[in-house]
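Dumped protein.txt below, it's compact mmCIF, C-alpha atoms:
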```
# COMPACT_ATOMS: atom_id res chain seq x y z
CA MET M 1 120.36 146.95 38.31
CA THR M 2 119.23 143.83 36.44
CA ALA M 3 119.68 145.54 33.09
CA LEU M 4 123.23 146.58 33.95
CA LEU M 5 124.10 143.06 35.03
CA LEU M 6 122.81 141.58 31.80
CA ALA M 7 124.60 144.18 29.71
CA SER M 8 127.91 143.46 31.42
CA LEU M 9 127.48 139.76 30.78
CA ALA M 10 126.81 140.25 27.09
CA PHE M 11 130.54 140.44 26.46
CA ALA M 12 131.28 137.13 28.22
CA THR M 13 132.68 134.47 25.95
CA THR M 14 131.86 131.19 27.74
CA PRO M 15 129.39 129.42 25.40
CA CYS M 16 127.74 127.32 28.12
CA GLY M 17 127.52 130.39 30.33
CA GLN M 18 125.49 132.32 27.79
CA THR M 19 123.06 129.46 27.34
CA LEU M 20 122.70 128.69 31.05
CA GLN M 21 122.32 132.37 31.89
CA ALA M 22 119.32 132.53 29.59
CA GLU M 23 117.87 129.39 31.16
CA LEU M 24 118.26 130.86 34.65
CA GLN M 25 116.47 134.06 33.61
CA GLN M 26 113.55 132.06 32.25
CA ALA M 27 113.44 129.45 35.03
CA SER M 28 110.41 129.12 37.30
CA THR M 29 110.89 129.51 41.05
CA MET M 30 111.14 125.74 41.50
CA LYS M 31 113.74 125.41 38.73
CA VAL M 32 115.97 128.30 39.82
CA PRO M 33 118.21 126.29 42.20
CA GLU M 34 119.14 123.71 39.55
CA ALA M 35 119.55 126.37 36.88
CA TYR M 36 121.82 128.43 39.10
CA VAL M 37 124.00 125.45 40.07
CA ALA M 38 124.46 124.57 36.39
CA LEU M 39 125.50 128.15 35.60
CA ALA M 40 127.89 128.41 38.56
CA GLU M 41 129.59 125.14 37.65
CA CYS M 42 130.02 126.29 34.06
CA ASP M 43 131.12 129.89 34.71
CA ALA M 44 131.98 131.06 38.24
CA ALA M 45 132.17 134.71 37.22
CA ARG M 46 128.67 134.61 35.77
CA GLY M 47 127.53 132.75 38.87
CA ARG M 48 128.75 135.60 41.10
CA THR M 49 127.11 138.22 38.93
CA MET M 50 123.82 136.39 38.48
CA ALA M 51 123.42 135.53 42.16
CA PRO M 52 121.18 138.57 42.91
CA ILE M 53 118.87 137.61 40.05
CA ALA M 54 118.59 134.03 41.31
CA LEU M 55 118.00 135.19 44.89
CA GLU M 56 115.11 137.38 43.79
CA LYS M 57 113.23 134.15 43.03
CA MET M 58 114.30 132.25 46.15
CA PHE M 59 112.53 132.16 49.52
CA GLY M 60 114.65 129.90 51.77
CA ASP M 61 113.02 126.55 50.95
CA ASP M 62 115.06 123.39 51.55
CA ASN M 63 115.37 122.64 47.83
CA GLU M 64 117.24 125.94 47.41
CA ALA M 65 120.20 124.78 49.54
CA ILE M 66 122.08 123.53 46.47
CA ALA M 67 122.03 127.05 45.01
CA VAL M 68 123.12 128.58 48.31
CA ARG M 69 126.13 126.25 48.47
CA ALA M 70 127.01 127.09 44.88
CA MET M 71 126.91 130.81 45.69
CA VAL M 72 129.39 130.24 48.50
CA ASP M 73 131.61 128.22 46.17
CA VAL M 74 131.78 131.03 43.58
CA GLY M 75 132.22 133.76 46.21
CA ALA M 76 128.86 135.52 45.86
CA LEU M 77 128.74 136.43 49.55
CA ASP M 78 127.90 140.11 48.98
CA SER M 79 124.55 138.98 47.58
CA LEU M 80 124.02 135.85 49.65
CA VAL M 81 124.59 137.17 53.20
CA PRO M 82 121.98 140.00 53.01
CA TRP M 83 119.50 137.46 51.63
CA LEU M 84 120.23 135.08 54.51
CA GLU M 85 119.62 137.94 56.93
CA ARG M 86 116.19 138.59 55.41
CA ILE M 87 114.72 135.09 55.40
CA PRO M 88 113.02 133.60 58.52
CA PRO M 89 115.44 132.38 61.24
CA ASP M 90 114.52 128.69 60.88
CA ASP M 91 115.11 128.82 57.13
CA ARG M 92 118.39 130.63 57.70
CA MET M 93 119.54 127.89 60.11
CA SER M 94 118.69 125.26 57.51
CA MET M 95 120.69 127.10 54.84
CA LEU M 96 123.66 127.57 57.18
CA ARG M 97 123.71 123.88 58.03
CA SER M 98 123.67 122.99 54.36
CA ILE M 99 126.74 125.20 53.88
CA GLY M 100 128.49 123.69 56.87
CA ASP M 101 127.87 120.03 55.98
CA ASP M 102 131.26 118.46 55.15
CA CYS M 103 132.82 121.92 54.93
CA GLN M 104 136.23 120.34 55.51
CA ASP M 105 136.05 119.04 51.94
CA HIS M 106 135.13 122.43 50.42
CA PRO M 107 137.59 125.29 51.04
CA GLU M 108 135.15 128.08 50.17
CA ARG M 109 132.47 126.77 52.52
CA ASN M 110 135.04 126.22 55.24
CA ALA M 111 136.19 129.84 54.91
CA PHE M 112 132.60 131.13 54.87
CA PHE M 113 132.08 130.96 58.63
CA GLY M 114 135.43 132.59 59.43
CA THR M 115 134.61 135.41 57.02
CA LEU M 116 131.22 135.90 58.64
CA LEU M 117 132.81 135.97 62.10
CA GLU M 118 135.23 138.68 60.99
CA GLN M 119 132.38 140.73 59.52
CA LYS M 120 129.87 140.33 62.32
CA GLY M 121 131.95 139.99 65.47
CA ASP M 122 129.80 139.13 68.49
CA ARG M 123 126.65 139.25 66.33
CA PHE M 124 127.90 136.02 64.75
CA PHE M 125 127.10 134.31 68.06
CA ILE M 126 124.19 136.43 69.24
CA ASP M 127 122.33 135.80 65.96
CA ARG M 128 123.43 132.13 65.94
CA TRP M 129 125.24 132.02 62.62
CA TYR M 130 127.48 129.39 64.22
CA ARG M 131 124.57 126.95 64.01
CA GLY M 132 125.88 126.01 60.58
CA LEU M 133 128.92 124.40 62.20
CA ASP M 134 127.07 121.28 63.38
CA GLU M 135 128.72 119.13 60.70
CA CYS M 136 131.61 121.45 59.74
CA ARG M 137 134.42 119.30 61.11
CA SER M 138 137.39 121.34 59.97
CA SER M 139 140.02 122.66 62.36
CA GLU M 140 138.87 126.19 61.56
CA GLY M 141 135.21 125.46 62.30
CA ARG M 142 136.03 123.73 65.55
CA ALA M 143 138.34 126.57 66.59
CA ILE M 144 135.45 129.03 66.27
CA LEU M 145 133.38 126.99 68.73
CA THR M 146 136.25 126.28 71.13
CA ASN M 147 137.30 129.93 71.26
CA ALA M 148 133.72 131.00 71.92
CA LEU M 149 133.41 128.61 74.89
CA GLU M 150 136.63 130.05 76.29
CA SER M 151 135.60 133.68 75.81
CA GLU M 152 134.41 136.01 78.55
CA ARG M 153 131.15 136.89 76.81
CA PHE M 154 130.01 133.45 75.65
CA GLY M 155 131.95 131.00 77.83
CA VAL M 156 131.34 129.56 81.30
CA GLY M 157 129.72 132.08 83.63
CA ALA M 158 129.28 134.58 80.80
CA THR M 159 126.48 137.11 80.58
CA GLU M 160 125.21 135.56 77.33
CA ARG M 161 124.18 132.36 79.11
CA GLY M 162 121.69 131.22 76.47
CA SER M 163 124.37 131.54 73.80
CA PHE M 164 126.84 129.58 75.94
CA LEU M 165 124.46 126.63 76.27
CA ASP M 166 123.59 126.71 72.58
CA ILE M 167 127.24 126.93 71.49
CA LEU M 168 128.01 124.01 73.79
CA GLU M 169 125.36 121.94 72.01
CA VAL M 170 126.79 122.73 68.56
CA TYR M 171 130.28 121.98 69.89
CA THR M 172 129.03 118.56 71.03
CA ARG M 173 127.30 117.78 67.74
CA ASN M 174 130.47 118.76 65.89
CA LEU M 175 133.15 117.02 67.95
CA ARG M 176 131.00 114.03 68.94
CA THR M 177 132.92 111.90 71.45
CA ASP M 178 135.89 114.28 71.36
CA ALA M 179 133.60 116.69 73.23
CA LEU M 180 133.20 114.33 76.19
CA PRO M 181 136.22 115.48 78.25
CA LEU M 182 134.94 119.06 78.26
CA LEU M 183 131.38 117.96 79.06
CA GLN M 184 132.66 115.82 81.93
CA SER M 185 134.65 118.71 83.33
CA TYR M 186 131.58 120.94 83.17
CA ALA M 187 129.46 118.32 84.93
CA ARG M 188 132.08 118.13 87.70
CA GLU M 189 133.03 121.76 88.07
CA LEU M 190 130.25 124.12 87.03
CA GLY M 191 128.58 125.86 89.93
CA ASP M 192 125.26 126.42 88.21
CA ASP M 193 122.70 123.60 88.48
CA GLU M 194 121.08 124.40 85.15
CA GLU M 195 124.40 124.39 83.31
CA ILE M 196 125.42 121.06 84.88
CA ALA M 197 122.07 119.56 83.95
CA TYR M 198 122.43 120.83 80.39
CA ALA M 199 125.91 119.31 80.05
CA LEU M 200 124.42 115.93 81.00
CA GLN M 201 121.40 116.35 78.74
CA ILE M 202 123.41 117.04 75.61
CA MET M 203 125.92 114.20 76.08
CA PRO M 204 123.77 111.85 73.90
CA LYS M 205 124.39 114.21 70.98
CA ALA M 206 128.04 113.13 71.13
CA ALA M 207 126.79 109.75 69.88
CA GLY M 208 124.61 111.16 67.11
CA TYR M 209 121.35 111.28 69.04
CA ASP M 210 118.72 113.42 67.30
CA THR M 211 120.46 113.31 63.90
CA ASP M 212 119.25 111.90 60.59
CA GLU M 213 121.84 109.11 60.81
CA GLY M 214 120.80 108.13 64.34
CA VAL M 215 122.88 106.90 67.25
CA ASP M 216 126.28 105.37 66.52
CA PRO M 217 126.63 102.24 68.73
CA ALA M 218 130.39 102.61 69.28
CA GLN M 219 130.03 106.28 70.20
CA ALA M 220 127.07 105.46 72.45
CA GLU M 221 129.33 103.08 74.37
CA GLN M 222 131.87 105.86 74.88
CA VAL M 223 129.17 108.27 76.04
CA SER M 224 127.82 105.69 78.48
CA GLN M 225 131.27 105.21 80.00
CA ALA M 226 131.72 108.96 80.34
CA ILE M 227 128.37 109.39 82.09
CA PHE M 228 128.82 106.41 84.39
CA ALA M 229 132.24 107.74 85.45
CA LEU M 230 130.42 110.78 86.86
CA GLY M 231 128.01 108.73 88.97
CA ASP M 232 129.76 108.93 92.32
CA ILE M 233 130.38 112.69 92.17
CA LEU M 234 127.06 113.93 90.82
CA ASP M 235 124.40 115.34 93.08
CA PRO M 236 121.79 112.56 93.50
CA THR M 237 119.08 114.64 91.80
CA ARG M 238 121.24 114.87 88.67
CA ILE M 239 121.43 111.09 88.46
CA ASP M 240 117.89 111.18 87.06
CA ILE M 241 119.15 113.36 84.18
CA ALA M 242 122.11 111.06 83.58
CA ARG M 243 119.79 108.06 83.50
CA ALA M 244 117.52 109.70 80.92
CA SER M 245 120.51 110.58 78.75
CA LEU M 246 121.69 106.97 78.75
CA GLN M 247 118.22 105.70 77.89
CA ARG M 248 118.10 108.00 74.84
CA ILE M 249 121.09 106.26 73.30
CA GLY M 250 119.97 102.72 74.10
CA GLN M 251 122.27 102.18 77.10
CA ALA M 252 119.55 100.77 79.36
CA GLU M 253 121.83 98.47 81.36
CA VAL M 254 124.22 101.27 82.27
CA ALA M 255 121.26 103.54 83.03
CA ASP M 256 119.94 100.93 85.47
CA SER M 257 123.32 100.62 87.19
CA LEU M 258 123.26 104.33 88.08
CA VAL M 259 120.49 103.66 90.60
CA ARG M 260 123.07 102.86 93.29
CA TYR M 261 124.10 106.54 93.25
CA ARG M 262 120.57 107.95 93.44
CA TRP M 263 119.93 107.50 97.19
CA PRO M 264 123.45 107.38 98.70
CA ASP M 265 122.34 107.45 102.35
CA ALA M 266 119.98 104.51 101.93
CA TRP M 267 122.66 102.64 99.97
CA ARG M 268 125.27 103.23 102.67
CA VAL M 269 123.00 102.33 105.61
CA GLY M 270 121.79 99.26 103.71
CA GLY M 271 125.34 97.94 103.38
CA GLY M 272 125.48 98.18 99.61
CA ARG M 273 121.83 97.25 99.06
CA TYR M 274 118.52 99.09 98.95
CA HIS M 275 115.60 98.17 101.19
CA TYR M 276 111.99 98.68 100.13
CA ALA M 277 108.66 98.16 101.83
CA ALA M 278 105.87 96.40 99.98
CA MET M 279 102.24 95.36 100.42
CA ALA M 280 99.99 93.02 98.45
CA THR M 281 96.22 92.86 98.92
CA TYR M 282 94.02 90.03 97.63
CA SER M 283 90.33 90.81 97.61
CA TRP M 284 87.36 88.45 97.04
CA GLU M 285 83.64 89.04 96.92
CA CYS M 286 82.49 85.56 97.86
CA ARG M 287 78.97 86.77 98.64
CA PRO M 288 77.21 89.81 97.21
CA GLY M 289 78.08 92.89 99.25
CA ARG M 290 80.67 91.15 101.43
CA GLN M 291 84.34 91.57 100.66
CA THR M 292 87.11 89.42 102.09
CA VAL M 293 90.69 90.72 101.95
CA ILE M 294 94.06 89.15 102.76
CA VAL M 295 96.86 91.69 103.19
CA HIS M 296 100.51 90.67 102.95
CA SER M 297 103.11 93.23 103.95
CA GLY M 298 106.85 93.22 104.49
CA GLU M 299 110.11 94.41 103.02
CA PHE M 300 112.73 93.28 100.57
CA ALA M 301 116.35 94.05 99.68
CA GLU M 302 117.54 94.87 96.17
CA ASP M 303 121.13 94.93 94.87
CA GLY M 304 121.05 98.32 93.14
CA LYS M 305 120.24 97.06 89.66
CA MET M 306 116.62 98.21 89.24
CA TRP M 307 114.98 101.59 89.58
CA PRO M 308 111.82 101.90 91.71
CA ASP M 309 109.60 102.38 88.66
CA ALA M 310 110.90 99.12 87.18
CA LEU M 311 110.44 97.36 90.51
CA ALA M 312 106.84 98.53 90.71
CA THR M 313 106.17 97.14 87.22
CA ALA M 314 107.68 93.74 88.09
CA ALA M 315 106.29 93.61 91.63
CA GLU M 316 102.97 91.85 91.00
CA GLU M 317 104.51 88.65 89.64
CA ARG M 318 107.39 88.68 92.12
CA LEU M 319 105.24 89.26 95.21
CA ALA M 320 102.69 86.69 94.09
CA GLN M 321 105.52 84.17 94.12
CA GLN M 322 106.85 85.37 97.45
CA TRP M 323 103.50 85.71 99.21
CA PRO M 324 101.15 83.14 97.65
CA VAL M 325 97.56 82.85 98.83
CA GLU M 326 97.23 79.42 100.39
CA ASP M 327 93.78 79.63 102.02
CA ALA M 328 91.48 81.46 99.62
CA PRO M 329 88.03 82.09 101.12
CA CYS M 330 86.30 80.99 97.89
CA ASP M 331 86.99 79.79 94.40
CA THR M 332 86.64 83.10 92.57
CA ALA M 333 89.81 84.83 91.37
CA PRO M 334 90.94 87.65 93.67
CA VAL M 335 91.47 91.27 92.72
CA VAL M 336 95.16 91.91 93.38
CA SER M 337 96.67 95.26 94.35
CA ILE M 338 100.42 95.74 94.76
CA SER M 339 102.17 98.67 96.47
CA VAL M 340 105.92 99.25 96.69
CA SER M 341 107.57 102.23 98.37
CA GLU M 342 108.34 104.92 95.81
CA GLN M 343 112.02 104.85 96.73
CA PRO M 344 114.36 102.90 99.01
CA LEU M 345 113.74 103.51 102.71
CA LYS M 346 116.86 104.05 104.77
CA THR M 347 115.94 102.52 108.14
CA ALA M 348 113.72 99.79 109.52
CA ASN M 349 111.68 102.49 111.23
CA ASP M 350 111.12 104.26 107.90
CA ARG M 351 109.89 101.02 106.37
CA GLU M 352 107.58 100.28 109.30
CA GLN M 353 106.06 103.76 109.12
CA TRP M 354 105.34 103.25 105.42
CA LEU M 355 103.76 99.86 106.06
CA SER M 356 101.68 101.18 108.97
CA SER M 357 100.24 103.92 106.78
CA LYS M 358 99.30 101.36 104.14
CA ARG M 359 97.82 98.89 106.65
CA ALA M 360 95.84 101.54 108.57
CA PRO M 361 92.68 101.41 106.39
CA PHE M 362 92.36 97.67 107.05
CA VAL M 363 92.90 97.58 110.83
CA GLU M 364 89.26 98.13 111.86
CA ARG M 365 88.08 95.58 109.38
CA VAL M 366 90.27 92.93 110.99
CA LYS M 367 87.95 93.05 114.01
CA LYS M 368 85.01 92.27 111.75
CA ARG M 369 86.90 89.32 110.31
CA SER M 370 86.63 90.55 106.76
CA VAL M 371 90.37 91.24 106.58
CA GLU M 372 93.34 89.05 107.41
CA LEU M 373 96.67 90.79 107.92
CA VAL M 374 99.73 88.67 107.15
CA THR M 375 103.24 89.90 107.89
CA GLY M 376 105.66 88.76 105.20
CA GLU M 377 109.26 87.89 105.81
CA THR M 378 112.09 90.04 104.51
CA PHE M 379 113.41 88.65 101.25
CA ALA M 380 115.97 89.48 98.56
CA TRP M 381 114.59 90.64 95.24
```
Here is a file; write its structure as C-alpha cells.
Amino acid sequence: MTALLLASLAFATTPCGQTLQAELQQASTMKVPEAYVALAECDAARGRTMAPIALEKMFGDDNEAIAVRAMVDVGALDSLVPWLERIPPDDRMSMLRSIGDDCQDHPERNAFFGTLLEQKGDRFFIDRWYRGLDECRSSEGRAILTNALESERFGVGATERGSFLDILEVYTRNLRTDALPLLQSYARELGDDEEIAYALQIMPKAAGYDTDEGVDPAQAEQVSQAIFALGDILDPTRIDIARASLQRIGQAEVADSLVRYRWPDAWRVGGGRYHYAAMATYSWECRPGRQTVIVHSGEFAEDGKMWPDALATAAEERLAQQWPVEDAPCDTAPVVSISVSEQPLKTANDREQWLSSKRAPFVERVKKRSVELVTGETFAW
C-alpha cells in the first residue's frame, strides 16, 4: 500500500509538498507530528494521502495531538478514526479532547464529532467519543450533549446510567454556568439519590474546577448562589455534598452558611439557633501518682454559622475563656481536654444525656475528692 501511495504522489506538482513528503518519510517517531503538520499545511491532498504513513509511526502520545488535529483539518478521517479505535482508551480521550479544544473556531474539527455520531450511532456514547466535547463550545457540539441527556437511552432514568452521569459531567464542563439551571432541576427533581448527589458533586466543574486554568472567581460566585438556593429543599444528608462542592471552589463562607439546613429539626426547636453540649477537663498531677481534675460541663447556642468540626477546632480557646480555672490545685500547667457534641442536640434532655455520659467516668472520683465537677452556664458562642 505504501508503494502505491508514493507512486500516486509522484505526479503531484506542489514543490513544498514534494520536499515535506520526503522529510515525513525520513522523520523519526518523535519528529513525525511536526513533519506531518508542515506537510498538511503546505498540501492538504498530500496530507490526506500520507496520513496512514504518519500514523504507522504514531502511538497516541500527547505530542502527537498536533498531527491528529491536522489530519482532521485535511479530512483524513478514514485513516485517523481506525487508528483512534486501536490506541489505549486514555490516549484516545486525550486525542479527542485535543480535537475538541476551541472547535468552534475550526469548522472541520467542529464537524468531526457530528460525523462520528452519524457513523457510530449509540456507540458514540457507549464508547465515550463525546469526551472530546469538553471544550468544544459550538452550537453543534452542545446540541450533541443536550440531545443525549434528553434521549431515552442516555437521559434521566435511562438504562445506560453510567453514560448519563458521564455525559452530564461533559455537559457541565462545556456549558459552565449555563449548565446550572439543568443541574438545579436535577438536584430538585431526580428520584435517585446517587444521581442527585452526582449533580451536586459536578457543579464545581461549572466554574472550571479540575481544569488546567483553575476556578474562575466570577463563575464560582454563580455556582455558589445556585447551590445555596437548593439548601432548603435538599435532603439534610445531601447538604454535606453541597458543602464539599462549595469548598472545592473556594466558597467557604457560603459553605458554612449551609449548616443551618443540615439538622432542620434541631434548628426549628432551637428557634433559629443550634444548641450543643460541651465539657472541658483540666487535669493536674500535683504529687506523683495523684491526679486532680476539674470538670466543667454545660451547653451553648450557636447561630448557624459554623459546622461542628469547626466548632470542635475552636472550642479549646473559647471554652477556656468561658470556663476559666480560678482555683488551681497547684502551680503546674494542667492537661486540658475539650469535648463538644458531634452535632447539635435538639432538646435539653438530649444535651443532658450527652453530658451525663461524659461525666459518668468522674462521678466516683468526686467522692475521693480528686475530681471537682463544675456545671457551666449556658452561653452563646
Padding 5 Å on each side, edges along x, y and z: where is the centre of the box around the listed atoms of stretch 51-69 of chain M, and how long are its edges in Å to one decimal? Output it as JSON.
```
{"center_x": 119.3, "center_y": 130.6, "center_z": 45.9, "size_x": 23.6, "size_y": 25.9, "size_z": 21.7}
```
task: For atom CA of M:Ala197 and atom CA of M:Cys136, quote the distance in Å rounded to one decimal.
output: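 Value for the atom CA of M:Ala197-atom CA of M:Cys136 distance: 26.1 Å.
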field: Test item: which residues lie within 7 Å of (122.5, 104.8, 86.1) counting all atoms listed in the file, as a VMD selection string
entry: chain M and resid 228 239 242 to 243 254 to 259
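Between atom CA of M:Lys346 and atom CA of M:Ala280 the interatomic distance comes to 21.1 Å.
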query: Could you pull the residues within 7 Å of M:Met58, counting all atoms listed in the file, minus those fewer than 3 positions along the same chain, as a PyMOL selection string?
result: chain M and resi 29+54-55
- prompt: Interatomic distance between atom CA of M:Ser138 and atom CA of M:Cys42?
  reply: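 Taking atom CA of M:Ser138 and atom CA of M:Cys42, their separation equals 27.4 Å.
Using all atoms listed in the file, the nearest neighbour of M:Asp101 within the list M:Val74, M:Val374, M:Ala158, M:Ala65 is M:Ala65.
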